[in-house]
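Taking it in order: structure first as structure tokens, then the write-up.
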Amino acid sequence: MNLPYKRVVVTGLGALTPLGNSIPAYWEGLVNGVSGADFIKQFDVTKFKTKFACELKDFNPDNHFERKESKRLDRFSQIAIVAADEAVQHSGILNSDVNKDRVGVIWGSGIGGMITFIEEMKNFSAGDGTPRFNPFFIPKLILDIASGHISMKYGFRGPNFATVSACASSTNAIIDALNYIRMGKADAIVCGGSEAVVTEAGIGGFNAMKALSERNDDPKTASRPFDLDRDGFVLGEGAGALLLEEYEHAKRRGANIICEVAGGGLSADAYHLTAPHPEGLGATNVMKSALEDAGMKPEDIDYINVHGTSTPLGDISEVTAIQRVFGEHAYNVNISSTKSMTGHLLGAAGAIEAIASILAMMNNTIPPTINHFTDDPSFDPRLNFTFGKAQKKEVRAALSNTFGFGGHNASVIFKKFVD
């Protein structure tokens, strides 16, 4: 298909996840079916209904920032900068004579600086009512500050903003980056997302919504996508970064091209604050839109990294949509939910799951859906959910789904690069 715009490729990847603090460590955890869930260490969970989450392991900001700089950064910005740096270094773009006026940053987060907000409110409420706030309170809190910090670190002066669409935020960032480069508005863009809300308010708030698993007796098996006894998602934290680049630009500088971004789709359920459309209407529309944008057919997709949060309604709605869009080919596609291992990273979920999809394609290996114990009769047994362990399979193209509260849906497709 002769597309009316420029080709876009991926030349760098970076990740900080509950499974590992680099791309190789993340992939090792995924392919081996490791659970990132454990009891929460960041605060006292004694009185909370859910006492576990998928926290980062061994992440120390002092290993990455001077102490003075670290104090000026919320955790969501810290991990954004670290993940972005891995992607930038991986791409080799700093070793090239690039026009930094045409290199941008588009970064997603669903909530942003929640830790900073909580700390400042605790300090204020403990005082006598006199407003004594940290002068960095607002700059640490705001969602767009992560993209600002990344751009300042490298002097990238191209398009720079934040995307906010709940759990679809970082997929939105990837799609926006794709389109800005396609239209010739930038040569390269660092994109992705970060989230750090394993906090009293994060756990307590999602508990109040009855969205989280309460399987405190066995946290590592709590995230159970498509299992009959799934009881909610497991909250996670982390960051994922991709460096997207215009193909000719990447070729001129001799970049190692990882894969091509084939297309993306966006839609809304227009149905409910938190519940998915019962017939999967928004999910159906967004996958159709992504395929159309990519100029591809359902038969071209070999792997779907599903949103698959492990909620009773969400899993059913998404599978209903997949069967509607893919028809008989749905039985030939591998489906897996890597949230069974990483937990749900909210605004960062799309980025780390896009990376999981790319790594599956690079390695011709489908990461598994772990923690499956009991079949749910709601799901067609002919579907391949890649339960239990990774499966070897040639992956020519992969689709990644993310759906957010408010009915926000985003899907992105990656395909193997062919010159």
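To be explicit about the labels: the chains of the structure tokens are called A, B, and onward in the order shown, and within each one the residues are counted from 1, while ligands get numbers from 1 in the order they are shown.
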
For this session: For region 143-157 of chain A, work out the shell of residues within 7 Å, counting only C-alpha atoms and skipping chain neighbours fewer than 4 positions away, then give it as a PyMOL selection string.
Result: chain A and resi 77+80-81+100-107+109+112-113+139+161-162

Export N, CA and C atoms of the chosen residues as a PDB file, in the first residue's frame?
ATOM      1  N   SER A  77       8.639  11.081  37.366  1.00  0.00           N
ATOM      2  CA  SER A  77       9.604  11.733  36.480  1.00  0.00           C
ATOM      3  C   SER A  77      10.966  11.054  36.551  1.00  0.00           C
ATOM      4  N   ALA A  80      10.771   8.031  34.440  1.00  0.00           N
ATOM      5  CA  ALA A  80      10.631   8.441  33.040  1.00  0.00           C
ATOM      6  C   ALA A  80      11.998   8.759  32.440  1.00  0.00           C
ATOM      7  N   ILE A  81      12.784   9.521  33.162  1.00  0.00           N
ATOM      8  CA  ILE A  81      14.102   9.941  32.672  1.00  0.00           C
ATOM      9  C   ILE A  81      15.019   8.733  32.493  1.00  0.00           C
ATOM     10  N   LYS A 100      18.462  18.878  16.501  1.00  0.00           N
ATOM     11  CA  LYS A 100      17.687  18.716  17.726  1.00  0.00           C
ATOM     12  C   LYS A 100      16.413  19.553  17.741  1.00  0.00           C
ATOM     13  N   ASP A 101      16.306  20.504  16.820  1.00  0.00           N
ATOM     14  CA  ASP A 101      15.051  21.238  16.676  1.00  0.00           C
ATOM     15  C   ASP A 101      13.949  20.327  16.140  1.00  0.00           C
ATOM     16  N   ARG A 102      14.334  19.182  15.585  1.00  0.00           N
ATOM     17  CA  ARG A 102      13.367  18.260  14.981  1.00  0.00           C
ATOM     18  C   ARG A 102      13.311  16.913  15.720  1.00  0.00           C
ATOM     19  N   VAL A 103      13.782  16.925  16.959  1.00  0.00           N
ATOM     20  CA  VAL A 103      13.644  15.740  17.818  1.00  0.00           C
ATOM     21  C   VAL A 103      12.764  16.133  19.006  1.00  0.00           C
ATOM     22  N   GLY A 104      11.666  15.416  19.205  1.00  0.00           N
ATOM     23  CA  GLY A 104      10.697  15.794  20.226  1.00  0.00           C
ATOM     24  C   GLY A 104      10.547  14.754  21.317  1.00  0.00           C
ATOM     25  N   VAL A 105       9.673  15.066  22.265  1.00  0.00           N
ATOM     26  CA  VAL A 105       9.326  14.153  23.355  1.00  0.00           C
ATOM     27  C   VAL A 105       7.824  14.224  23.585  1.00  0.00           C
ATOM     28  N   ILE A 106       7.163  13.076  23.552  1.00  0.00           N
ATOM     29  CA  ILE A 106       5.738  12.993  23.867  1.00  0.00           C
ATOM     30  C   ILE A 106       5.589  11.896  24.914  1.00  0.00           C
ATOM     31  N   TRP A 107       5.136  12.264  26.098  1.00  0.00           N
ATOM     32  CA  TRP A 107       5.147  11.343  27.228  1.00  0.00           C
ATOM     33  C   TRP A 107       3.771  11.247  27.871  1.00  0.00           C
ATOM     34  N   SER A 109       1.099   9.825  31.012  1.00  0.00           N
ATOM     35  CA  SER A 109       0.899   9.366  32.391  1.00  0.00           C
ATOM     36  C   SER A 109      -0.570   9.562  32.717  1.00  0.00           C
ATOM     37  N   GLY A 112       0.382  11.112  37.110  1.00  0.00           N
ATOM     38  CA  GLY A 112       1.503  12.030  37.308  1.00  0.00           C
ATOM     39  C   GLY A 112       2.040  12.001  38.729  1.00  0.00           C
ATOM     40  N   GLY A 113       2.307  13.183  39.305  1.00  0.00           N
ATOM     41  CA  GLY A 113       3.036  13.278  40.556  1.00  0.00           C
ATOM     42  C   GLY A 113       2.205  13.065  41.806  1.00  0.00           C
ATOM     43  N   PRO A 139       5.901  22.167  39.987  1.00  0.00           N
ATOM     44  CA  PRO A 139       6.711  21.588  38.908  1.00  0.00           C
ATOM     45  C   PRO A 139       6.940  20.078  39.045  1.00  0.00           C
ATOM     46  N   PHE A 161       5.014  17.480  24.602  1.00  0.00           N
ATOM     47  CA  PHE A 161       3.792  17.586  25.401  1.00  0.00           C
ATOM     48  C   PHE A 161       3.482  16.253  26.066  1.00  0.00           C
ATOM     49  N   ALA A 162       2.429  16.251  26.888  1.00  0.00           N
ATOM     50  CA  ALA A 162       1.997  15.045  27.588  1.00  0.00           C
ATOM     51  C   ALA A 162       0.645  14.585  27.067  1.00  0.00           C
TER      52      ALA A 162
END

Excluding Asp217 (chain A) and residues on its chain fewer than 5 positions from it, collect all residues at most 10 Å away from it, counting only C-alpha atoms, and give them as a short mmCIF file (atom, residue, chain, number, x, y, z; two decimals) with all heavy atoms, in the first residue's frame.
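Wrote out31.cif, looks like this:
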data_model
loop_
_atom_site.label_atom_id
_atom_site.label_comp_id
_atom_site.auth_asym_id
_atom_site.auth_seq_id
_atom_site.Cartn_x
_atom_site.Cartn_y
_atom_site.Cartn_z
N LYS A 51 -2.92 -5.49 50.03
CA LYS A 51 -1.64 -5.25 50.69
C LYS A 51 -0.45 -5.53 49.77
O LYS A 51 0.69 -5.57 50.23
CB LYS A 51 -1.55 -6.13 51.93
CG LYS A 51 -2.71 -5.94 52.91
CD LYS A 51 -2.60 -6.85 54.11
CE LYS A 51 -3.87 -6.77 54.96
NZ LYS A 51 -4.15 -5.42 55.47
N PHE A 52 -0.69 -5.67 48.49
CA PHE A 52 0.37 -6.03 47.56
C PHE A 52 0.24 -5.23 46.27
O PHE A 52 -0.80 -4.65 45.98
CB PHE A 52 0.33 -7.53 47.25
CG PHE A 52 -0.99 -7.99 46.66
CD1 PHE A 52 -1.18 -8.00 45.29
CD2 PHE A 52 -2.03 -8.39 47.48
CE1 PHE A 52 -2.39 -8.40 44.74
CE2 PHE A 52 -3.26 -8.79 46.94
CZ PHE A 52 -3.43 -8.79 45.56
N ALA A 222 -2.20 -13.29 42.00
CA ALA A 222 -3.41 -12.47 42.10
C ALA A 222 -3.88 -11.93 40.75
O ALA A 222 -5.08 -11.76 40.53
CB ALA A 222 -3.18 -11.31 43.06
#

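Shortest atom-to-atom contact with Ala290 (chain A) among A:Gly14, A:Lys185, A:Arg253, A:Leu266: A:Leu266, counting only C-alpha atoms.
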
For this session: Give me the residues within 8 Å of region 87-89 of chain A as a list in words, counting only C-alpha atoms and dropping any in the same chain fewer than 4 places off.
Result: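 The neighbour list is Gly12, Leu13, Gly14, Ala15, Ala83, Ile93, Leu94, Val190, Ala241, Leu242 and Leu243 of chain A.
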
For this session: Give me the residues within 8 Å of region 226-239 of chain A as a PyMOL selection string, counting only C-alpha atoms and dropping any in the same chain fewer than 2 places off.
Result: chain A and resi 15-18+37+52-56+76+79-80+83+192-198+203+210-214+222-224+241+308-312+315-316+342-346+348+351-352+371-377+379

Problem set entry | alpha helix (DSSP H) call set, DSSP backbone run, region 263-395 of chain A, as an NGL selection string | :A and (281-294 or 312-326 or 339-342 or 349-363)

Problem set entry | Which residue of A:Ala398, A:Ala330, A:Ile355, A:Ala186 approaches Pro381 (chain A) most closely, using only C-alpha atoms |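 Among the listed residues, A:Ala330 lies closest to Pro381 (chain A).
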
Problem set entry | Backbone-only DSSP, strand (DSSP E) members of region 59-164 of chain A, as a PyMOL selection string | chain A and resi 103-108+160-163

Could you take the residues named above and write them with all heavy atoms, as a PDB file, in the first residue's frame?
ATOM      1  N   VAL A 103      13.782  16.925  16.959  1.00  0.00           N
ATOM      2  CA  VAL A 103      13.644  15.740  17.818  1.00  0.00           C
ATOM      3  C   VAL A 103      12.764  16.133  19.006  1.00  0.00           C
ATOM      4  O   VAL A 103      13.065  17.094  19.720  1.00  0.00           O
ATOM      5  CB  VAL A 103      15.010  15.229  18.318  1.00  0.00           C
ATOM      6  CG1 VAL A 103      14.819  13.978  19.182  1.00  0.00           C
ATOM      7  CG2 VAL A 103      15.936  14.913  17.139  1.00  0.00           C
ATOM      8  N   GLY A 104      11.666  15.416  19.205  1.00  0.00           N
ATOM      9  CA  GLY A 104      10.697  15.794  20.226  1.00  0.00           C
ATOM     10  C   GLY A 104      10.547  14.754  21.317  1.00  0.00           C
ATOM     11  O   GLY A 104      11.195  13.702  21.309  1.00  0.00           O
ATOM     12  N   VAL A 105       9.673  15.066  22.265  1.00  0.00           N
ATOM     13  CA  VAL A 105       9.326  14.153  23.355  1.00  0.00           C
ATOM     14  C   VAL A 105       7.824  14.224  23.585  1.00  0.00           C
ATOM     15  O   VAL A 105       7.284  15.319  23.790  1.00  0.00           O
ATOM     16  CB  VAL A 105      10.052  14.509  24.667  1.00  0.00           C
ATOM     17  CG1 VAL A 105       9.725  13.467  25.750  1.00  0.00           C
ATOM     18  CG2 VAL A 105      11.557  14.616  24.473  1.00  0.00           C
ATOM     19  N   ILE A 106       7.163  13.076  23.552  1.00  0.00           N
ATOM     20  CA  ILE A 106       5.738  12.993  23.867  1.00  0.00           C
ATOM     21  C   ILE A 106       5.589  11.896  24.914  1.00  0.00           C
ATOM     22  O   ILE A 106       5.895  10.737  24.641  1.00  0.00           O
ATOM     23  CB  ILE A 106       4.884  12.690  22.621  1.00  0.00           C
ATOM     24  CG1 ILE A 106       5.106  13.760  21.549  1.00  0.00           C
ATOM     25  CG2 ILE A 106       3.407  12.611  23.000  1.00  0.00           C
ATOM     26  CD1 ILE A 106       4.368  13.489  20.239  1.00  0.00           C
ATOM     27  N   TRP A 107       5.136  12.264  26.098  1.00  0.00           N
ATOM     28  CA  TRP A 107       5.147  11.343  27.228  1.00  0.00           C
ATOM     29  C   TRP A 107       3.771  11.247  27.871  1.00  0.00           C
ATOM     30  O   TRP A 107       3.087  12.250  28.048  1.00  0.00           O
ATOM     31  CB  TRP A 107       6.164  11.818  28.264  1.00  0.00           C
ATOM     32  CG  TRP A 107       6.613  10.738  29.181  1.00  0.00           C
ATOM     33  CD1 TRP A 107       6.213  10.517  30.464  1.00  0.00           C
ATOM     34  CD2 TRP A 107       7.563   9.701  28.873  1.00  0.00           C
ATOM     35  NE1 TRP A 107       6.851   9.413  30.979  1.00  0.00           N
ATOM     36  CE2 TRP A 107       7.684   8.893  30.028  1.00  0.00           C
ATOM     37  CE3 TRP A 107       8.307   9.380  27.739  1.00  0.00           C
ATOM     38  CZ2 TRP A 107       8.530   7.781  30.072  1.00  0.00           C
ATOM     39  CZ3 TRP A 107       9.155   8.286  27.785  1.00  0.00           C
ATOM     40  CH2 TRP A 107       9.254   7.496  28.935  1.00  0.00           C
ATOM     41  N   GLY A 108       3.373  10.040  28.220  1.00  0.00           N
ATOM     42  CA  GLY A 108       2.062   9.830  28.814  1.00  0.00           C
ATOM     43  C   GLY A 108       2.116   9.423  30.276  1.00  0.00           C
ATOM     44  O   GLY A 108       3.057   8.768  30.721  1.00  0.00           O
ATOM     45  N   ASN A 160       6.744  18.831  22.030  1.00  0.00           N
ATOM     46  CA  ASN A 160       6.917  18.365  23.394  1.00  0.00           C
ATOM     47  C   ASN A 160       5.626  18.568  24.175  1.00  0.00           C
ATOM     48  O   ASN A 160       5.182  19.700  24.377  1.00  0.00           O
ATOM     49  CB  ASN A 160       8.071  19.121  24.073  1.00  0.00           C
ATOM     50  CG  ASN A 160       8.440  18.522  25.419  1.00  0.00           C
ATOM     51  OD1 ASN A 160       7.664  18.584  26.368  1.00  0.00           O
ATOM     52  ND2 ASN A 160       9.625  17.952  25.497  1.00  0.00           N
ATOM     53  N   PHE A 161       5.014  17.480  24.602  1.00  0.00           N
ATOM     54  CA  PHE A 161       3.792  17.586  25.401  1.00  0.00           C
ATOM     55  C   PHE A 161       3.482  16.253  26.066  1.00  0.00           C
ATOM     56  O   PHE A 161       4.186  15.256  25.852  1.00  0.00           O
ATOM     57  CB  PHE A 161       2.597  18.057  24.550  1.00  0.00           C
ATOM     58  CG  PHE A 161       2.258  17.181  23.372  1.00  0.00           C
ATOM     59  CD1 PHE A 161       1.347  16.136  23.486  1.00  0.00           C
ATOM     60  CD2 PHE A 161       2.823  17.421  22.124  1.00  0.00           C
ATOM     61  CE1 PHE A 161       1.018  15.350  22.388  1.00  0.00           C
ATOM     62  CE2 PHE A 161       2.497  16.635  21.016  1.00  0.00           C
ATOM     63  CZ  PHE A 161       1.591  15.599  21.162  1.00  0.00           C
ATOM     64  N   ALA A 162       2.429  16.251  26.888  1.00  0.00           N
ATOM     65  CA  ALA A 162       1.997  15.045  27.588  1.00  0.00           C
ATOM     66  C   ALA A 162       0.645  14.585  27.067  1.00  0.00           C
ATOM     67  O   ALA A 162      -0.195  15.404  26.676  1.00  0.00           O
ATOM     68  CB  ALA A 162       1.912  15.315  29.087  1.00  0.00           C
ATOM     69  N   THR A 163       0.446  13.281  27.089  1.00  0.00           N
ATOM     70  CA  THR A 163      -0.854  12.715  26.739  1.00  0.00           C
ATOM     71  C   THR A 163      -1.479  12.126  27.989  1.00  0.00           C
ATOM     72  O   THR A 163      -0.808  11.458  28.776  1.00  0.00           O
ATOM     73  CB  THR A 163      -0.723  11.616  25.665  1.00  0.00           C
ATOM     74  OG1 THR A 163       0.243  10.648  26.102  1.00  0.00           O
ATOM     75  CG2 THR A 163      -0.279  12.205  24.343  1.00  0.00           C
TER      76      THR A 163
END

Exercise. What separation in Å, quoted to one decimal, exists between CA of His408 (chain A) and CA of Ala268 (chain A)?
Worked result: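 Between these atoms lies a distance of 4.9 Å.
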
Problem set entry | Near-region 413-415 of chain A list (7 Å; only C-alpha atoms; drop same-chain fewer than 6 positions) as a ChimeraX atom specification | /A:259-264,290,358,396-400

Can those selected residues be exported to a file as an mmCIF file, in the first residue's frame so that it contains N, CA, C and O atoms?
data_model
loop_
_atom_site.group_PDB
_atom_site.id
_atom_site.type_symbol
_atom_site.label_atom_id
_atom_site.label_comp_id
_atom_site.auth_asym_id
_atom_site.auth_seq_id
_atom_site.Cartn_x
_atom_site.Cartn_y
_atom_site.Cartn_z
ATOM 1 N N CYS A 259 12.097 -2.291 14.327
ATOM 2 C CA CYS A 259 10.851 -2.695 13.677
ATOM 3 C C CYS A 259 10.196 -1.446 13.113
ATOM 4 O O CYS A 259 10.720 -0.331 13.251
ATOM 5 N N GLU A 260 9.063 -1.623 12.479
ATOM 6 C CA GLU A 260 8.311 -0.496 11.921
ATOM 7 C C GLU A 260 7.010 -0.309 12.696
ATOM 8 O O GLU A 260 6.387 -1.284 13.129
ATOM 9 N N VAL A 261 6.621 0.942 12.882
ATOM 10 C CA VAL A 261 5.312 1.241 13.467
ATOM 11 C C VAL A 261 4.327 1.298 12.315
ATOM 12 O O VAL A 261 4.376 2.202 11.483
ATOM 13 N N ALA A 262 3.453 0.310 12.258
ATOM 14 C CA ALA A 262 2.575 0.176 11.095
ATOM 15 C C ALA A 262 1.377 1.110 11.153
ATOM 16 O O ALA A 262 0.942 1.656 10.130
ATOM 17 N N GLY A 263 0.813 1.312 12.351
ATOM 18 C CA GLY A 263 -0.362 2.170 12.443
ATOM 19 C C GLY A 263 -0.955 2.151 13.829
ATOM 20 O O GLY A 263 -0.565 1.353 14.686
ATOM 21 N N GLY A 264 -1.916 3.030 14.045
ATOM 22 C CA GLY A 264 -2.561 3.107 15.347
ATOM 23 C C GLY A 264 -3.996 3.564 15.221
ATOM 24 O O GLY A 264 -4.380 4.186 14.224
ATOM 25 N N ALA A 290 -7.006 0.752 13.848
ATOM 26 C CA ALA A 290 -5.563 0.512 13.778
ATOM 27 C C ALA A 290 -5.205 -0.291 12.530
ATOM 28 O O ALA A 290 -4.219 0.019 11.841
ATOM 29 N N ILE A 358 6.937 -5.752 20.744
ATOM 30 C CA ILE A 358 8.113 -5.634 19.873
ATOM 31 C C ILE A 358 9.127 -6.738 20.189
ATOM 32 O O ILE A 358 9.680 -7.377 19.286
ATOM 33 N N ARG A 396 5.116 -11.830 12.612
ATOM 34 C CA ARG A 396 5.344 -10.829 11.561
ATOM 35 C C ARG A 396 4.830 -9.464 11.991
ATOM 36 O O ARG A 396 5.391 -8.433 11.634
ATOM 37 N N ALA A 397 3.732 -9.477 12.750
ATOM 38 C CA ALA A 397 3.124 -8.224 13.208
ATOM 39 C C ALA A 397 2.397 -8.470 14.515
ATOM 40 O O ALA A 397 1.824 -9.550 14.730
ATOM 41 N N ALA A 398 2.420 -7.468 15.380
ATOM 42 C CA ALA A 398 1.772 -7.574 16.685
ATOM 43 C C ALA A 398 0.937 -6.335 16.949
ATOM 44 O O ALA A 398 1.308 -5.219 16.576
ATOM 45 N N LEU A 399 -0.198 -6.547 17.597
ATOM 46 C CA LEU A 399 -1.110 -5.464 17.963
ATOM 47 C C LEU A 399 -1.168 -5.371 19.477
ATOM 48 O O LEU A 399 -1.256 -6.387 20.168
ATOM 49 N N SER A 400 -1.108 -4.153 20.003
ATOM 50 C CA SER A 400 -1.162 -3.927 21.451
ATOM 51 C C SER A 400 -2.364 -3.050 21.785
ATOM 52 O O SER A 400 -2.519 -1.965 21.219
#

Problem set entry | Surrounding residues of Asn134 (chain A) excluding itself and chain neighbours under 5 positions, 10 Å, only C-alpha atoms, as a ChimeraX atom specification | /A:72,116,120,123,139-140

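The space separating CA of Lys251 (chain A) from CA of Lys297 (chain A) comes to 27.6 Å.
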
Per residue of region 308-352 of chain A within 12 Å of region 392-395 of chain A, note the shortest atom pair and the distance in Å to one decimal, counting only C-alpha atoms, and order the rows by chain and increasing residue number, as a tab-separated table.
residue	atom	partner	partner_atom	distance
A:Asn332	CA	A:Lys393	CA	11.1
A:Val333	CA	A:Val395	CA	9.7
A:Asn334	CA	A:Lys393	CA	8.8
A:Ile335	CA	A:Val395	CA	11.9

For this session: Name the residues in contact with Thr402 (chain A) at a cut-off of 7 Å, using only C-alpha atoms, excluding same-chain residues fewer than 5 positions from it; report them as a PyMOL selection string.
Result: chain A and resi 167-168+171+307+350+409-411
